[in-house]
file final-v6.cif (mmCIF, C-alpha atoms and all ligand atoms)
data_work
loop_
_atom_site.label_atom_id
_atom_site.label_comp_id
_atom_site.auth_asym_id
_atom_site.auth_seq_id
_atom_site.Cartn_x
_atom_site.Cartn_y
_atom_site.Cartn_z
CA MET A 1 -21.90 48.12 -63.52
CA PRO A 2 -20.31 46.84 -66.75
CA GLU A 3 -20.16 43.06 -66.91
CA SER A 4 -16.35 43.07 -66.84
CA ALA A 5 -16.38 44.86 -63.47
CA GLN A 6 -18.07 41.82 -61.95
CA HIS A 7 -15.54 39.33 -63.26
CA TRP A 8 -13.44 37.43 -60.77
CA PRO A 9 -10.12 36.16 -62.12
CA ALA A 10 -10.10 32.55 -60.94
CA PRO A 11 -6.73 31.64 -59.41
CA THR A 12 -4.73 29.17 -61.50
CA ALA A 13 -2.72 26.60 -59.53
CA ARG A 14 1.00 26.90 -60.24
CA THR A 15 1.72 24.00 -57.89
CA PRO A 16 -0.51 21.19 -56.61
CA VAL A 17 -2.95 22.43 -53.98
CA ASP A 18 -2.07 21.30 -50.45
CA ALA A 19 -4.47 22.45 -47.75
CA THR A 20 -6.87 21.68 -44.95
CA VAL A 21 -10.18 23.47 -45.10
CA THR A 22 -12.81 24.05 -42.43
CA LEU A 23 -16.19 24.59 -44.03
CA PRO A 24 -19.24 26.36 -42.62
CA GLY A 25 -22.38 24.41 -41.73
CA SER A 26 -24.76 22.59 -44.03
CA LYS A 27 -27.50 24.71 -45.61
CA SER A 28 -29.90 21.79 -45.66
CA MET A 29 -29.36 20.93 -42.00
CA THR A 30 -29.46 24.55 -40.85
CA ASN A 31 -32.77 25.32 -42.54
CA ARG A 32 -34.37 22.09 -41.31
CA ALA A 33 -33.11 22.83 -37.79
CA LEU A 34 -34.58 26.32 -37.88
CA VAL A 35 -38.01 25.03 -38.96
CA LEU A 36 -38.02 22.27 -36.34
CA ALA A 37 -36.89 24.74 -33.66
CA ALA A 38 -39.67 27.14 -34.68
CA LEU A 39 -42.27 24.36 -34.29
CA SER A 40 -40.85 23.17 -30.98
CA GLU A 41 -42.55 23.17 -27.61
CA ASP A 42 -39.54 24.74 -25.91
CA PRO A 43 -36.73 27.12 -26.84
CA ALA A 44 -34.12 25.44 -29.03
CA THR A 45 -30.56 26.10 -30.15
CA VAL A 46 -29.01 25.65 -33.58
CA ARG A 47 -25.28 25.22 -33.09
CA ARG A 48 -22.70 25.98 -35.76
CA PRO A 49 -25.38 26.99 -38.26
CA LEU A 50 -24.56 28.15 -41.73
CA ARG A 51 -24.95 31.92 -41.87
CA SER A 52 -25.53 32.61 -45.55
CA ARG A 53 -28.16 34.16 -47.79
CA ASP A 54 -30.41 31.07 -47.75
CA THR A 55 -30.28 30.60 -44.00
CA GLU A 56 -30.58 34.30 -43.13
CA LEU A 57 -33.68 34.36 -45.35
CA MET A 58 -35.09 31.44 -43.37
CA ALA A 59 -34.31 33.16 -40.06
CA ALA A 60 -35.83 36.47 -41.23
CA SER A 61 -38.97 34.70 -42.47
CA LEU A 62 -39.48 32.96 -39.15
CA ARG A 63 -39.04 36.27 -37.35
CA ALA A 64 -41.68 37.80 -39.65
CA LEU A 65 -44.01 35.02 -38.44
CA GLY A 66 -43.42 36.03 -34.81
CA ILE A 67 -40.82 33.41 -33.91
CA GLY A 68 -37.70 34.55 -32.08
CA VAL A 69 -34.42 33.82 -33.85
CA ALA A 70 -31.47 35.52 -32.19
CA SER A 71 -27.72 35.14 -32.32
CA GLY A 72 -26.23 33.71 -29.17
CA GLY A 73 -23.07 32.03 -28.00
CA SER A 74 -20.11 31.49 -30.27
CA ASP A 75 -19.93 30.19 -33.86
CA GLY A 76 -22.94 32.35 -34.79
CA ASP A 77 -25.30 29.99 -32.95
CA TRP A 78 -29.01 30.70 -33.23
CA GLU A 79 -31.30 30.70 -30.21
CA VAL A 80 -34.88 30.07 -31.29
CA ALA A 81 -37.86 31.12 -29.18
CA PRO A 82 -40.83 29.28 -30.65
CA ALA A 83 -44.26 30.90 -30.74
CA PRO A 84 -47.48 30.11 -32.60
CA PRO A 85 -46.80 31.53 -36.09
CA ARG A 86 -48.93 34.52 -37.01
CA GLY A 87 -49.78 36.72 -39.94
CA PRO A 88 -50.10 39.05 -41.62
CA ALA A 89 -46.53 38.51 -42.71
CA HIS A 90 -44.42 38.46 -45.84
CA VAL A 91 -41.80 35.85 -46.65
CA ASP A 92 -39.00 36.71 -49.07
CA VAL A 93 -37.71 33.34 -50.28
CA GLY A 94 -34.87 34.84 -52.34
CA ASN A 95 -33.95 31.86 -54.51
CA ALA A 96 -33.87 29.38 -51.65
CA GLY A 97 -35.72 26.18 -52.46
CA THR A 98 -35.75 25.31 -48.77
CA VAL A 99 -37.51 28.56 -47.80
CA MET A 100 -39.88 28.41 -50.77
CA ARG A 101 -40.97 24.83 -50.00
CA PHE A 102 -40.48 24.36 -46.24
CA LEU A 103 -42.33 27.48 -45.09
CA PRO A 104 -45.76 27.33 -46.79
CA PRO A 105 -46.86 24.34 -44.63
CA LEU A 106 -45.63 26.15 -41.52
CA ALA A 107 -47.45 29.30 -42.67
CA ALA A 108 -50.66 27.27 -42.98
CA LEU A 109 -50.42 26.76 -39.20
CA ALA A 110 -50.30 30.54 -38.69
CA ASP A 111 -53.15 32.70 -37.61
CA GLY A 112 -53.39 35.17 -40.51
CA GLU A 113 -52.29 35.57 -44.09
CA VAL A 114 -48.68 34.97 -45.14
CA SER A 115 -47.55 36.12 -48.57
CA PHE A 116 -44.57 34.59 -50.40
CA ASP A 117 -42.40 35.95 -53.19
CA GLY A 118 -38.73 35.93 -54.14
CA ASP A 119 -36.14 36.48 -56.85
CA PRO A 120 -37.45 36.40 -60.44
CA ARG A 121 -36.02 32.86 -60.75
CA ALA A 122 -37.98 31.72 -57.69
CA ARG A 123 -41.20 32.35 -59.63
CA GLU A 124 -40.06 29.79 -62.19
CA ARG A 125 -39.17 27.06 -59.72
CA PRO A 126 -41.81 24.36 -59.12
CA VAL A 127 -44.02 24.49 -56.07
CA GLY A 128 -47.42 23.51 -57.57
CA PRO A 129 -47.56 19.86 -56.39
CA LEU A 130 -46.82 21.01 -52.84
CA LEU A 131 -49.60 23.62 -52.94
CA GLU A 132 -52.09 21.05 -54.26
CA ALA A 133 -51.09 18.64 -51.52
CA MET A 134 -51.49 21.34 -48.88
CA ARG A 135 -54.96 22.19 -50.17
CA SER A 136 -56.05 18.59 -49.91
CA LEU A 137 -54.79 18.61 -46.31
CA GLY A 138 -57.04 21.58 -45.52
CA ALA A 139 -54.89 24.66 -46.26
CA ASP A 140 -56.27 27.74 -48.01
CA ILE A 141 -53.83 29.08 -50.63
CA ASP A 142 -54.19 31.83 -53.22
CA ASP A 143 -51.66 31.39 -56.01
CA GLY A 144 -53.78 33.02 -58.71
CA GLY A 145 -54.00 29.60 -60.39
CA ARG A 146 -50.30 29.78 -61.32
CA GLY A 147 -49.02 26.91 -59.19
CA ALA A 148 -46.04 29.15 -58.52
CA LEU A 149 -44.90 32.22 -56.60
CA PRO A 150 -46.11 34.81 -55.74
CA LEU A 151 -48.73 33.30 -53.46
CA ALA A 152 -50.52 33.76 -50.18
CA VAL A 153 -51.26 31.15 -47.54
CA ARG A 154 -54.35 32.09 -45.57
CA GLY A 155 -53.54 30.49 -42.25
CA THR A 156 -56.37 29.68 -39.85
CA GLY A 157 -54.23 28.64 -36.91
CA GLY A 158 -54.30 24.94 -37.76
CA VAL A 159 -54.21 22.32 -40.51
CA ARG A 160 -56.36 19.18 -40.60
CA GLY A 161 -53.69 16.96 -42.18
CA GLY A 162 -54.20 13.31 -43.14
CA THR A 163 -53.15 11.34 -46.20
CA VAL A 164 -52.01 12.98 -49.42
CA ARG A 165 -50.69 11.68 -52.74
CA LEU A 166 -48.30 13.82 -54.76
CA ASP A 167 -45.73 13.63 -57.53
CA ALA A 168 -42.41 14.67 -55.99
CA SER A 169 -40.27 13.85 -59.03
CA GLY A 170 -39.70 17.59 -59.54
CA SER A 171 -38.23 18.13 -56.08
CA SER A 172 -37.71 16.09 -52.94
CA GLN A 173 -38.37 19.31 -51.05
CA PHE A 174 -42.15 18.91 -51.59
CA VAL A 175 -42.06 15.82 -49.39
CA SER A 176 -39.61 17.25 -46.84
CA ALA A 177 -41.80 20.35 -46.50
CA LEU A 178 -44.92 18.38 -45.56
CA LEU A 179 -43.03 16.09 -43.20
CA LEU A 180 -41.28 18.92 -41.34
CA SER A 181 -44.55 20.60 -40.28
CA GLY A 182 -46.67 17.41 -40.35
CA ALA A 183 -46.44 16.57 -36.64
CA ARG A 184 -48.24 19.83 -35.91
CA PHE A 185 -51.19 19.00 -38.20
CA GLU A 186 -54.27 17.74 -36.35
CA HIS A 187 -54.01 14.25 -37.85
CA GLY A 188 -50.31 14.32 -38.70
CA VAL A 189 -49.51 13.60 -42.33
CA GLU A 190 -49.05 10.60 -44.61
CA VAL A 191 -47.32 11.51 -47.87
CA ARG A 192 -47.52 9.03 -50.76
CA HIS A 193 -45.28 9.72 -53.74
CA ASP A 194 -46.74 8.77 -57.11
CA GLY A 195 -44.64 9.37 -60.23
CA SER A 196 -41.10 9.05 -61.59
CA PRO A 197 -38.51 8.45 -58.85
CA VAL A 198 -38.06 11.18 -56.23
CA PRO A 199 -34.65 12.88 -56.57
CA SER A 200 -32.27 13.67 -53.72
CA ARG A 201 -33.13 10.67 -51.49
CA PRO A 202 -30.44 11.51 -48.93
CA HIS A 203 -32.20 14.82 -48.31
CA LEU A 204 -35.38 12.90 -47.48
CA ASP A 205 -33.43 10.68 -45.11
CA MET A 206 -32.01 13.84 -43.52
CA THR A 207 -35.56 15.14 -42.96
CA VAL A 208 -36.64 11.87 -41.37
CA GLU A 209 -33.52 11.65 -39.17
CA MET A 210 -33.84 15.22 -37.95
CA LEU A 211 -37.55 14.77 -37.21
CA ARG A 212 -36.84 11.61 -35.21
CA ALA A 213 -34.06 13.39 -33.33
CA ALA A 214 -36.70 15.97 -32.40
CA GLY A 215 -38.89 13.24 -30.93
CA VAL A 216 -41.31 12.98 -33.86
CA SER A 217 -42.54 9.54 -34.89
CA VAL A 218 -41.96 8.89 -38.60
CA ASP A 219 -42.89 5.62 -40.31
CA THR A 220 -40.94 4.85 -43.48
CA SER A 221 -41.68 1.13 -43.65
CA VAL A 222 -43.42 1.38 -47.04
CA PRO A 223 -41.30 2.62 -49.99
CA ASP A 224 -42.33 6.07 -51.20
CA VAL A 225 -44.67 6.55 -48.23
CA TRP A 226 -43.79 8.66 -45.21
CA ARG A 227 -46.10 8.89 -42.19
CA VAL A 228 -45.59 11.51 -39.49
CA ALA A 229 -47.64 11.03 -36.33
CA PRO A 230 -49.21 14.11 -34.74
CA GLY A 231 -47.40 15.23 -31.61
CA PRO A 232 -44.96 17.67 -30.07
CA VAL A 233 -41.66 18.68 -31.67
CA LYS A 234 -38.67 18.96 -29.36
CA ALA A 235 -35.71 20.21 -31.36
CA GLY A 236 -33.58 20.89 -28.25
CA GLU A 237 -30.03 21.46 -29.40
CA VAL A 238 -29.15 20.71 -33.00
CA VAL A 239 -25.49 20.63 -34.02
CA VAL A 240 -25.05 21.34 -37.71
CA GLU A 241 -22.46 19.35 -39.68
CA PRO A 242 -20.05 21.02 -42.14
CA ASP A 243 -21.61 21.46 -45.59
CA LEU A 244 -20.39 18.48 -47.59
CA SER A 245 -21.92 19.70 -50.84
CA ASN A 246 -19.74 22.78 -50.52
CA ALA A 247 -16.79 20.43 -49.92
CA ALA A 248 -17.12 19.41 -53.58
CA PRO A 249 -15.13 22.25 -55.19
CA PHE A 250 -12.40 22.00 -52.54
CA LEU A 251 -11.94 18.26 -52.97
CA ALA A 252 -12.07 18.82 -56.73
CA ALA A 253 -9.18 21.27 -56.33
CA ALA A 254 -6.99 18.41 -55.11
CA LEU A 255 -8.18 16.13 -57.88
CA VAL A 256 -7.57 18.54 -60.75
CA THR A 257 -4.17 19.78 -59.53
CA GLY A 258 -2.82 16.41 -58.37
CA GLY A 259 -2.63 17.84 -54.86
CA ARG A 260 -4.13 17.16 -51.44
CA VAL A 261 -7.12 18.65 -49.65
CA THR A 262 -8.45 17.63 -46.25
CA VAL A 263 -11.96 18.69 -45.29
CA ALA A 264 -11.97 18.99 -41.49
CA GLY A 265 -14.76 17.49 -39.39
CA TRP A 266 -16.15 15.13 -42.03
CA PRO A 267 -18.83 13.21 -40.10
CA GLU A 268 -18.39 9.46 -39.69
CA ARG A 269 -22.03 8.97 -40.59
CA THR A 270 -24.19 11.51 -42.33
CA ALA A 271 -27.33 11.86 -44.42
CA GLN A 272 -25.76 14.59 -46.51
CA PRO A 273 -25.53 13.79 -50.23
CA GLY A 274 -22.00 15.20 -50.25
CA ASP A 275 -20.83 11.97 -48.61
CA ALA A 276 -21.16 10.41 -52.08
CA LEU A 277 -18.17 12.52 -53.16
CA ARG A 278 -15.87 9.91 -51.69
CA GLY A 279 -17.01 7.31 -54.19
CA LEU A 280 -17.54 9.66 -57.12
CA PHE A 281 -14.14 11.36 -56.90
CA ALA A 282 -12.40 8.01 -56.30
CA ARG A 283 -13.92 6.84 -59.58
CA MET A 284 -12.61 10.02 -61.22
CA GLY A 285 -9.03 9.28 -60.17
CA GLY A 286 -8.69 10.58 -56.60
CA GLU A 287 -7.47 8.64 -53.59
CA VAL A 288 -9.85 9.24 -50.73
CA ALA A 289 -9.18 8.42 -47.09
CA ALA A 290 -10.98 9.28 -43.86
CA GLY A 291 -8.77 10.02 -40.85
CA PRO A 292 -8.88 11.80 -37.51
CA ASP A 293 -8.34 15.18 -39.22
CA GLY A 294 -11.18 14.75 -41.67
CA LEU A 295 -11.59 13.44 -45.17
CA THR A 296 -8.56 13.70 -47.44
CA LEU A 297 -8.51 13.54 -51.20
CA ARG A 298 -5.19 13.11 -52.98
CA GLY A 299 -5.02 13.70 -56.67
CA THR A 300 -2.99 11.14 -58.57
CA GLY A 301 -2.41 13.28 -61.63
CA GLU A 302 -5.02 11.24 -63.44
CA ILE A 303 -8.50 12.72 -63.99
CA ARG A 304 -10.90 10.11 -65.30
CA GLY A 305 -14.28 10.62 -66.90
CA ILE A 306 -17.29 9.09 -65.19
CA ILE A 307 -20.61 7.54 -66.15
CA ALA A 308 -22.95 8.18 -63.27
CA ASP A 309 -26.62 8.47 -62.42
CA LEU A 310 -26.67 11.50 -60.12
CA ARG A 311 -30.42 11.54 -59.31
CA GLU A 312 -29.77 11.01 -55.61
CA VAL A 313 -27.07 13.66 -55.39
CA GLY A 314 -28.11 16.18 -58.05
CA GLU A 315 -26.64 19.18 -56.27
CA LEU A 316 -23.14 17.72 -56.78
CA THR A 317 -23.57 17.82 -60.57
CA PRO A 318 -21.98 21.22 -61.33
CA THR A 319 -18.72 20.25 -59.63
CA ILE A 320 -18.65 16.76 -61.15
CA ALA A 321 -19.24 18.32 -64.57
CA ALA A 322 -16.39 20.79 -64.04
CA VAL A 323 -14.00 17.94 -63.23
CA ALA A 324 -15.39 15.98 -66.18
CA ALA A 325 -14.49 18.90 -68.46
CA LEU A 326 -10.85 18.44 -67.39
CA ALA A 327 -10.85 14.64 -67.59
CA SER A 328 -8.94 12.43 -70.03
CA GLY A 329 -12.02 10.37 -70.96
CA PRO A 330 -15.71 10.94 -71.64
CA SER A 331 -18.38 11.41 -68.97
CA ARG A 332 -22.12 10.91 -68.94
CA LEU A 333 -24.15 12.36 -66.05
CA THR A 334 -27.81 11.30 -66.04
CA GLY A 335 -30.92 11.06 -63.83
CA ILE A 336 -30.94 14.82 -63.24
CA ALA A 337 -33.71 16.29 -65.42
CA HIS A 338 -34.98 18.14 -62.34
CA LEU A 339 -31.81 20.28 -62.37
CA ARG A 340 -33.36 22.26 -65.19
CA ARG A 341 -35.44 23.98 -62.50
CA HIS A 342 -32.76 24.56 -59.90
CA GLU A 343 -31.13 27.98 -59.35
CA THR A 344 -30.80 28.03 -63.13
CA ASP A 345 -31.25 25.34 -65.80
CA ARG A 346 -28.01 23.73 -64.67
CA ILE A 347 -27.83 21.31 -67.59
CA ALA A 348 -28.06 24.04 -70.21
CA ALA A 349 -25.80 26.37 -68.22
CA LEU A 350 -23.03 23.81 -67.72
CA VAL A 351 -23.05 22.80 -71.37
CA ARG A 352 -22.98 26.42 -72.54
CA GLU A 353 -20.17 27.49 -70.24
CA ILE A 354 -17.97 24.42 -70.79
CA ASN A 355 -18.35 24.82 -74.54
CA ALA A 356 -17.64 28.55 -74.34
CA LEU A 357 -14.20 27.63 -72.97
CA GLY A 358 -13.62 25.33 -75.94
CA GLY A 359 -14.98 22.16 -74.33
CA ASP A 360 -17.20 19.51 -75.82
CA ALA A 361 -20.36 19.10 -73.77
CA GLU A 362 -23.82 18.13 -74.90
CA GLU A 363 -27.25 18.29 -73.30
CA LEU A 364 -29.11 15.03 -72.77
CA PRO A 365 -32.82 14.91 -71.90
CA ASP A 366 -31.93 14.04 -68.31
CA GLY A 367 -28.35 15.19 -67.96
CA LEU A 368 -25.21 15.95 -69.93
CA ALA A 369 -22.34 14.29 -71.74
CA VAL A 370 -18.82 15.75 -71.62
CA ARG A 371 -16.02 14.63 -73.92
CA PRO A 372 -12.34 15.51 -73.48
CA ARG A 373 -11.09 18.56 -75.33
CA PRO A 374 -8.52 21.15 -74.20
CA LEU A 375 -10.08 24.24 -72.66
CA HIS A 376 -8.96 27.84 -73.05
CA SER A 377 -9.36 31.12 -71.22
CA GLY A 378 -12.65 32.98 -71.13
CA VAL A 379 -15.58 34.12 -69.03
CA PHE A 380 -17.52 31.50 -67.08
CA HIS A 381 -21.04 32.80 -66.39
CA SER A 382 -22.71 31.85 -63.13
CA TYR A 383 -26.41 32.56 -63.87
CA ASP A 384 -26.85 33.65 -60.23
CA ASP A 385 -26.11 30.04 -59.27
CA HIS A 386 -23.64 29.47 -56.44
CA ARG A 387 -22.68 26.04 -57.70
CA MET A 388 -22.06 27.29 -61.25
CA ALA A 389 -19.74 29.93 -59.80
CA THR A 390 -17.70 27.43 -57.78
CA SER A 391 -17.51 25.14 -60.82
CA GLY A 392 -15.95 27.97 -62.80
CA ALA A 393 -13.38 28.30 -60.01
CA VAL A 394 -12.49 24.59 -60.30
CA ILE A 395 -11.95 24.86 -64.05
CA GLY A 396 -9.94 28.04 -63.54
CA LEU A 397 -7.48 26.20 -61.32
CA ALA A 398 -6.42 24.08 -64.27
CA VAL A 399 -7.02 26.51 -67.15
CA GLY A 400 -5.33 29.90 -67.25
CA GLY A 401 -7.33 33.08 -67.76
CA VAL A 402 -10.78 31.94 -66.61
CA GLU A 403 -12.92 34.72 -65.16
CA VAL A 404 -16.05 33.88 -63.22
CA GLU A 405 -18.89 36.32 -63.63
CA ASN A 406 -20.72 37.20 -60.37
CA ILE A 407 -18.64 35.18 -57.92
CA ALA A 408 -20.63 37.00 -55.19
CA THR A 409 -23.54 34.66 -55.86
CA THR A 410 -21.64 32.02 -53.84
CA ALA A 411 -23.00 33.84 -50.75
CA LYS A 412 -26.21 31.82 -51.22
CA THR A 413 -24.56 29.01 -49.27
CA LEU A 414 -20.89 29.92 -48.81
CA PRO A 415 -20.15 33.55 -47.95
CA GLY A 416 -16.45 34.32 -48.15
CA PHE A 417 -15.87 31.75 -50.88
CA PRO A 418 -13.35 33.86 -52.86
CA GLU A 419 -11.22 34.41 -49.74
CA LEU A 420 -11.40 30.76 -48.67
CA TRP A 421 -10.58 29.60 -52.20
CA ALA A 422 -7.61 31.98 -52.36
CA GLU A 423 -6.31 30.62 -49.05
CA VAL A 424 -6.69 26.98 -50.11
CA THR A 425 -5.22 27.41 -53.58
CA ARG A 426 -2.38 29.85 -52.91
O1 LIG A 501 -33.94 19.45 -48.99
C1 LIG A 501 -32.87 20.02 -49.26
O2 LIG A 501 -32.21 20.61 -48.40
C2 LIG A 501 -32.40 20.00 -50.65
C3 LIG A 501 -32.93 19.08 -51.53
C4 LIG A 501 -32.52 19.01 -52.95
O3 LIG A 501 -33.55 19.60 -53.71
P1 LIG A 501 -34.22 18.89 -55.01
O4 LIG A 501 -34.80 17.59 -54.56
O5 LIG A 501 -35.22 19.89 -55.45
O6 LIG A 501 -33.09 18.70 -55.99
C5 LIG A 501 -31.19 19.73 -53.18
O7 LIG A 501 -30.92 19.82 -54.55
C6 LIG A 501 -31.21 21.09 -52.54
O8 LIG A 501 -30.01 21.76 -52.76
C7 LIG A 501 -31.37 20.97 -51.05
C1 LIG A 502 -30.66 23.17 -55.58
C2 LIG A 502 -30.06 23.88 -54.61
O1 LIG A 502 -30.66 24.74 -53.76
P1 LIG A 502 -32.15 24.98 -53.28
O2 LIG A 502 -32.18 24.68 -51.82
O3 LIG A 502 -32.43 26.42 -53.57
O4 LIG A 502 -33.07 24.05 -54.06
C3 LIG A 502 -28.60 23.77 -54.38
O5 LIG A 502 -28.13 24.32 -53.36
O6 LIG A 502 -27.88 23.13 -55.18
#
call {"tool": "encode", "arguments": {"input": "final-v6.cif", "output": "structure tokens"}}
result
Amino acid sequence: MPESAQHWPAPTARTPVDATVTLPGSKSMTNRALVLAALSEDPATVRRPLRSRDTELMAASLRALGIGVASGGSDGDWEVAPAPPRGPAHVDVGNAGTVMRFLPPLAALADGEVSFDGDPRARERPVGPLLEAMRSLGADIDDGGRGALPLAVRGTGGVRGGTVRLDASGSSQFVSALLLSGARFEHGVEVRHDGSPVPSRPHLDMTVEMLRAAGVSVDTSVPDVWRVAPGPVKAGEVVVEPDLSNAAPFLAAALVTGGRVTVAGWPERTAQPGDALRGLFARMGGEVAAGPDGLTLRGTGEIRGIIADLREVGELTPTIAAVAALASGPSRLTGIAHLRRHETDRIAALVREINALGGDAEELPDGLAVRPRPLHSGVFHSYDDHRMATSGAVIGLAVGGVEVENIATTAKTLPGFPELWAEVTR
């Protein structure tokens, strides 16, 4: 297909956006819930799960390991019938960090060999520190010495477990992965992080909260140390919250058009990093208020630049950068060197695409700087990255003639994005 055939003309807002949006479930919660359900003593239910590429890959992988994952009830609920995982099996991780990192420790509990591979990009994403940690906990892994996919976990039906030290500065998912399966290791697991700060702290809190809700004892009394006691997992019924990271482009739509967007069902309390959008978008000029209908952002007509360390909420960066490209003042987004190994090198990609539309963005060693400059029409490339694609949509609302290449890549975490966006912005 010629490149132009895959271009999606981003809608430009002729009037301020005014809408209420109901978003599908959180990717991060859904894939944690599926893993915990799979490791449970009893059948478990995942209510209001996200059904998207990343979560369907997780469900398919668990099925390949002999665990029952079936649709049931309304809202696409998943009924999980746990079983001791078994090989031989193959896991296609796609480009899902959660599948790539959360499943190898579970596969080490399997009886038999489990091979892992994924999209070409998945082979470039870091997994080495996790594999080393697993080896020191007693797992047998063949990665051909690459410290990357493709690899095989030679499960023996159990993992010794114990204490392990690792550098999780490349991805919080290394730690989450060990914790999620750790209760099923003979001695549980104690993970000690050693290195530059771990990114995405809220995602670690989410892991701990969901484990505790499943009856697992987790000790977090020492900073950068997580101890999971051995014992049963009882996931029961997990209700998945709306995906607040995917709320980012919709709230941004209100901010950049001086309009109003309400995200329905915003939880009062949540571990999701997307909750930080309230503060970040308020600093960028929005008025944010929580009410019975959800969280509402009103644009004031003013779009301010922002200086922010986004280490804890890295996955919000593409949207923040898109708003920054439309702001009246300069922005500096730092603490996010690890984004260079996300779905794409997000720092390089954002700078390239903003500049291709006439903007003034610059790469920093651990982030990017964006200075105000009027943007013009053009193609915004997505690099097979769902959050790049939605960022192009945000810019397109304010800049006429923006076309997003491969908008379909949004199906990684938000299938139906173009339709939902059209509804919200019409
Ligand atoms: O555990 C999770 O669900 C996630 C953790 C974060 O990963 P990193 O710590 O690798 O950034 C985040 O960016 C990713 O989208 C989801
Ligand atoms: C980094 C992301 O995803 P993954 O779970 O593949 O790491 C993301 O969704 O922004």
call {"tool": "residues_near_point", "arguments": {"input": "final-v6.cif", "point": "(-38.4, 10.2, -41.7)", "cutoff": "9 Å", "atoms": "all atoms listed in the file", "output": "PDB file with C-alpha atoms, in the frame of the given file"}}
result
ATOM      1  CA  SER A 176     -39.610  17.250 -46.840  1.00  0.00           C
ATOM      2  CA  LEU A 179     -43.030  16.090 -43.200  1.00  0.00           C
ATOM      3  CA  LEU A 204     -35.380  12.900 -47.480  1.00  0.00           C
ATOM      4  CA  ASP A 205     -33.430  10.680 -45.110  1.00  0.00           C
ATOM      5  CA  MET A 206     -32.010  13.840 -43.520  1.00  0.00           C
ATOM      6  CA  THR A 207     -35.560  15.140 -42.960  1.00  0.00           C
ATOM      7  CA  VAL A 208     -36.640  11.870 -41.370  1.00  0.00           C
ATOM      8  CA  GLU A 209     -33.520  11.650 -39.170  1.00  0.00           C
ATOM      9  CA  MET A 210     -33.840  15.220 -37.950  1.00  0.00           C
ATOM     10  CA  LEU A 211     -37.550  14.770 -37.210  1.00  0.00           C
ATOM     11  CA  ARG A 212     -36.840  11.610 -35.210  1.00  0.00           C
ATOM     12  CA  VAL A 216     -41.310  12.980 -33.860  1.00  0.00           C
ATOM     13  CA  SER A 217     -42.540   9.540 -34.890  1.00  0.00           C
ATOM     14  CA  VAL A 218     -41.960   8.890 -38.600  1.00  0.00           C
ATOM     15  CA  ASP A 219     -42.890   5.620 -40.310  1.00  0.00           C
ATOM     16  CA  THR A 220     -40.940   4.850 -43.480  1.00  0.00           C
ATOM     17  CA  TRP A 226     -43.790   8.660 -45.210  1.00  0.00           C
ATOM     18  CA  ARG A 227     -46.100   8.890 -42.190  1.00  0.00           C
ATOM     19  CA  VAL A 228     -45.590  11.510 -39.490  1.00  0.00           C
TER      20      VAL A 228
END
call {"tool": "closest_residue", "arguments": {"input": "final-v6.cif", "among": "A:Gly161, A:Ala177, A:Ile395, A:Ser115", "to": "Leu255 of chain A", "atoms": "all atoms listed in the file"}}
result
A:Ile395
call {"tool": "closest_residue", "arguments": {"input": "final-v6.cif", "among": "A:Thr30, A:Ser169, A:Thr163, A:Thr390", "to": "Ala411 of chain A", "atoms": "all atoms listed in the file"}}
result
A:Thr390
call {"tool": "closest_residue", "arguments": {"input": "final-v6.cif", "among": "A:Gly118, A:Gly162, A:Gly400, A:Pro230", "to": "Leu57 of chain A", "atoms": "all atoms listed in the file"}}
result
A:Gly118
call {"tool": "residues_near_ligand", "arguments": {"input": "final-v6.cif", "ligand": "ligand LIG 501 (chain A)", "cutoff": "10 Å", "atoms": "all atoms listed in the file", "output": "ChimeraX atom specification"}}
result
/A:26-32,96-99,101-102,125-127,168-177,198-207,245,272-273,311-317,336-343,387,413
call {"tool": "residues_around", "arguments": {"input": "final-v6.cif", "residues": "Ala393 of chain A", "least_positions_apart": "4", "cutoff": "12 Å", "atoms": "all atoms listed in the file", "output": "JSON, numbers by chain"}}
result
{"A": [7, 8, 9, 10, 11, 12, 13, 248, 249, 250, 252, 253, 256, 318, 319, 322, 323, 379, 380, 381, 382, 386, 387, 388, 389, 397, 398, 399, 400, 401, 402, 403, 404, 405, 406, 407, 410, 417, 418, 420, 421, 422, 425]}
call {"tool": "residues_around", "arguments": {"input": "final-v6.cif", "residues": "Ala214 of chain A", "least_positions_apart": "4", "cutoff": "10 Å", "atoms": "only C-alpha atoms", "output": "number ranges by chain"}}
result
A: 33, 36-37, 40, 208-210, 232-238
call {"tool": "atom_distance", "arguments": {"input": "final-v6.cif", "atom1": "atom CA of Pro120 of chain A", "atom2": "atom CA of Gly378 of chain A"}}
result
27.2 Å
call {"tool": "closest_residue", "arguments": {"input": "final-v6.cif", "among": "A:Pro292, A:Gly155, A:Gly286, A:Pro49", "to": "Leu65 of chain A", "atoms": "all atoms listed in the file"}}
result
A:Gly155
call {"tool": "residues_around", "arguments": {"input": "final-v6.cif", "residues": "segment 133-147 of chain A", "least_positions_apart": "6", "cutoff": "12 Å", "atoms": "all atoms listed in the file", "output": "PyMOL selection string"}}
result
chain A and resi 101-117+123-127+153-168+174-175+177-179+181-182+185-193
call {"tool": "decode", "arguments": {"input": "final-v6.cif", "residues": "segment 324-333 of chain A", "atoms": "C-alpha atoms", "output": "mmCIF file, in the first residue's frame"}}
result
data_model
loop_
_atom_site.group_PDB
_atom_site.id
_atom_site.type_symbol
_atom_site.label_atom_id
_atom_site.label_comp_id
_atom_site.auth_asym_id
_atom_site.auth_seq_id
_atom_site.Cartn_x
_atom_site.Cartn_y
_atom_site.Cartn_z
ATOM 1 C CA ALA A 324 3.715 21.901 24.269
ATOM 2 C CA ALA A 325 4.121 22.270 20.498
ATOM 3 C CA LEU A 326 0.964 24.425 20.503
ATOM 4 C CA ALA A 327 1.852 26.430 23.615
ATOM 5 C CA SER A 328 2.691 30.127 23.847
ATOM 6 C CA GLY A 329 5.852 29.543 25.902
ATOM 7 C CA PRO A 330 8.747 27.086 26.004
ATOM 8 C CA SER A 331 8.613 23.600 27.533
ATOM 9 C CA ARG A 332 11.249 21.271 28.890
ATOM 10 C CA LEU A 333 10.328 17.630 29.543
#
